[in-house]
Structures are given as structure tokens and as C-alpha cells.
Amino acid sequence: MEKEIIPTFISVAICPQHPKMTESKIFFHMLTGGKKYALTKKEYEILTDPDDPQMFIFYQYLIYTIYRRMIPHTPYHFKYVTNMLTQIENRVKKIEKQEEEEKQKTKKLMKNN
């Protein structure tokens, strides 16, 4: 079951639900060093997973940065953010691959019956 994203100041800054360019998307783009304008719903769910301590720490870091409204312009910041976004993207790809494999298995089972 898919979780609904409750629109808050933080979720709007990280995962806005509208396609238009906004200040939040521009800020997030600058925060990520030009890597992303926003996270997708799946990426946001991975980021906010309470059972994943690494993502929890990254989410807290993003919240802190967003509340400060100041991007730390250090190489460490951009390396950390890029690394974590890559991990999130890789997890989404893995989940999508598993979903696709499940669909293929279901098609084969339906075909055989």
C-alpha cells in the first residue's frame, strides 16, 4: 500500500507534488549541487523510511539544511548529498526491477493456467 505524503514545509521542499517550477524545486536543485529538482514519491518513501538509520540521518541533515535556508558550500556536503541520492536512486531501480520480475512471473503463471 502506498503511503500518502502529507504536505508540509519539508515534504514540499523535497518532494513537491506539482509539475511547475517553484522556489522549493530551485532550492533543492541548488542543495543537491544541480543533481535533482525534486524526489519522486518512491524516492521520498525510501528517504523517510524510519527503519533505515542511514536514510534517517540523511533526512535529518536535509531538514536541518532546509530550515537554515543556507546551503553549506563545501565539497563534503555535495559529495555526501550526491552519494546519498545515488543510493536512493539505486534502491528505486532495484525495487522497480523486482516489481517487473513479479509482473513477468505473474504473466507466466497466468499463461500456464
# chains A, B, ... in the order shown; residues from 1 in each chain; ligands from 1
>>> select_by_dssp(residues="segment 14-67 of chain A", states="alpha helix (DSSP H)", output="MDAnalysis selection string")
chainID A and resid 14 23:31 41:47 53:67
>>> write_last_selection(atoms="N, CA and C atoms", output="compact mmCIF listing (two decimals), in the first residue's frame")
# COMPACT_ATOMS: atom_id res chain seq x y z
N ILE A 14 11.23 18.92 -0.57
CA ILE A 14 11.96 17.75 -1.05
C ILE A 14 11.21 17.03 -2.17
N GLU A 23 10.10 27.80 -6.18
CA GLU A 23 11.27 28.16 -5.38
C GLU A 23 11.82 26.95 -4.64
N SER A 24 10.94 26.09 -4.16
CA SER A 24 11.37 24.88 -3.46
C SER A 24 12.19 23.98 -4.37
N LYS A 25 11.74 23.82 -5.61
CA LYS A 25 12.49 22.98 -6.55
C LYS A 25 13.85 23.59 -6.86
N ILE A 26 13.90 24.89 -7.01
CA ILE A 26 15.17 25.57 -7.29
C ILE A 26 16.11 25.43 -6.11
N PHE A 27 15.59 25.60 -4.88
CA PHE A 27 16.41 25.45 -3.69
C PHE A 27 16.95 24.03 -3.59
N PHE A 28 16.09 23.03 -3.82
CA PHE A 28 16.53 21.64 -3.74
C PHE A 28 17.57 21.35 -4.81
N HIS A 29 17.41 21.95 -5.99
CA HIS A 29 18.38 21.78 -7.07
C HIS A 29 19.74 22.34 -6.64
N MET A 30 19.74 23.49 -6.00
CA MET A 30 20.99 24.07 -5.51
C MET A 30 21.56 23.23 -4.37
N LEU A 31 20.68 22.74 -3.50
CA LEU A 31 21.09 21.92 -2.36
C LEU A 31 21.78 20.64 -2.81
N LYS A 41 7.92 10.19 -5.54
CA LYS A 41 7.24 9.62 -4.36
C LYS A 41 7.99 8.40 -3.83
N LYS A 42 8.46 7.53 -4.73
CA LYS A 42 9.19 6.33 -4.29
C LYS A 42 10.49 6.73 -3.60
N GLU A 43 11.19 7.70 -4.17
CA GLU A 43 12.45 8.14 -3.57
C GLU A 43 12.20 8.76 -2.20
N TYR A 44 11.11 9.52 -2.09
CA TYR A 44 10.77 10.15 -0.82
C TYR A 44 10.43 9.09 0.23
N GLU A 45 9.74 8.04 -0.17
CA GLU A 45 9.41 6.96 0.76
C GLU A 45 10.67 6.27 1.27
N ILE A 46 11.64 6.08 0.39
CA ILE A 46 12.91 5.47 0.81
C ILE A 46 13.63 6.40 1.77
N LEU A 47 13.64 7.69 1.45
CA LEU A 47 14.30 8.68 2.30
C LEU A 47 13.69 8.72 3.70
N PRO A 53 18.49 3.58 9.35
CA PRO A 53 19.21 4.64 10.07
C PRO A 53 20.01 5.58 9.17
N GLN A 54 20.58 5.04 8.10
CA GLN A 54 21.36 5.88 7.18
C GLN A 54 20.47 6.92 6.50
N MET A 55 19.29 6.50 6.06
CA MET A 55 18.36 7.43 5.42
C MET A 55 17.79 8.40 6.45
N PHE A 56 17.56 7.91 7.65
CA PHE A 56 17.05 8.79 8.72
C PHE A 56 18.03 9.93 8.98
N ILE A 57 19.32 9.62 9.04
CA ILE A 57 20.34 10.65 9.26
C ILE A 57 20.38 11.63 8.09
N PHE A 58 20.30 11.09 6.87
CA PHE A 58 20.31 11.96 5.68
C PHE A 58 19.08 12.87 5.67
N TYR A 59 17.93 12.31 6.01
CA TYR A 59 16.69 13.10 6.06
C TYR A 59 16.81 14.22 7.09
N GLN A 60 17.37 13.91 8.26
CA GLN A 60 17.57 14.93 9.29
C GLN A 60 18.53 16.02 8.80
N TYR A 61 19.55 15.61 8.07
CA TYR A 61 20.51 16.57 7.51
C TYR A 61 19.80 17.51 6.52
N LEU A 62 18.95 16.93 5.67
CA LEU A 62 18.20 17.76 4.71
C LEU A 62 17.25 18.72 5.43
N ILE A 63 16.57 18.22 6.46
CA ILE A 63 15.66 19.07 7.24
C ILE A 63 16.43 20.23 7.85
N TYR A 64 17.56 19.93 8.46
CA TYR A 64 18.39 20.97 9.08
C TYR A 64 18.81 22.02 8.04
N THR A 65 19.24 21.55 6.88
CA THR A 65 19.68 22.48 5.83
C THR A 65 18.52 23.31 5.30
N ILE A 66 17.37 22.69 5.14
CA ILE A 66 16.20 23.42 4.64
C ILE A 66 15.74 24.47 5.65
N TYR A 67 15.69 24.11 6.92
CA TYR A 67 15.28 25.08 7.95
C TYR A 67 16.27 26.24 8.05
>>> closest_residue(among="A:Thr40, A:Thr32, A:Asn112, A:Gln104", to="His77 of chain A", atoms="only C-alpha atoms")
A:Thr32
>>> closest_residue(among="A:Gly33, A:Thr22, A:Gln17, A:Lys97", to="Thr74 of chain A", atoms="only C-alpha atoms")
A:Gly33
>>> atom_distance(atom1="atom CA of Ile88 of chain A", atom2="atom CA of Ser11 of chain A")
16.1 Å
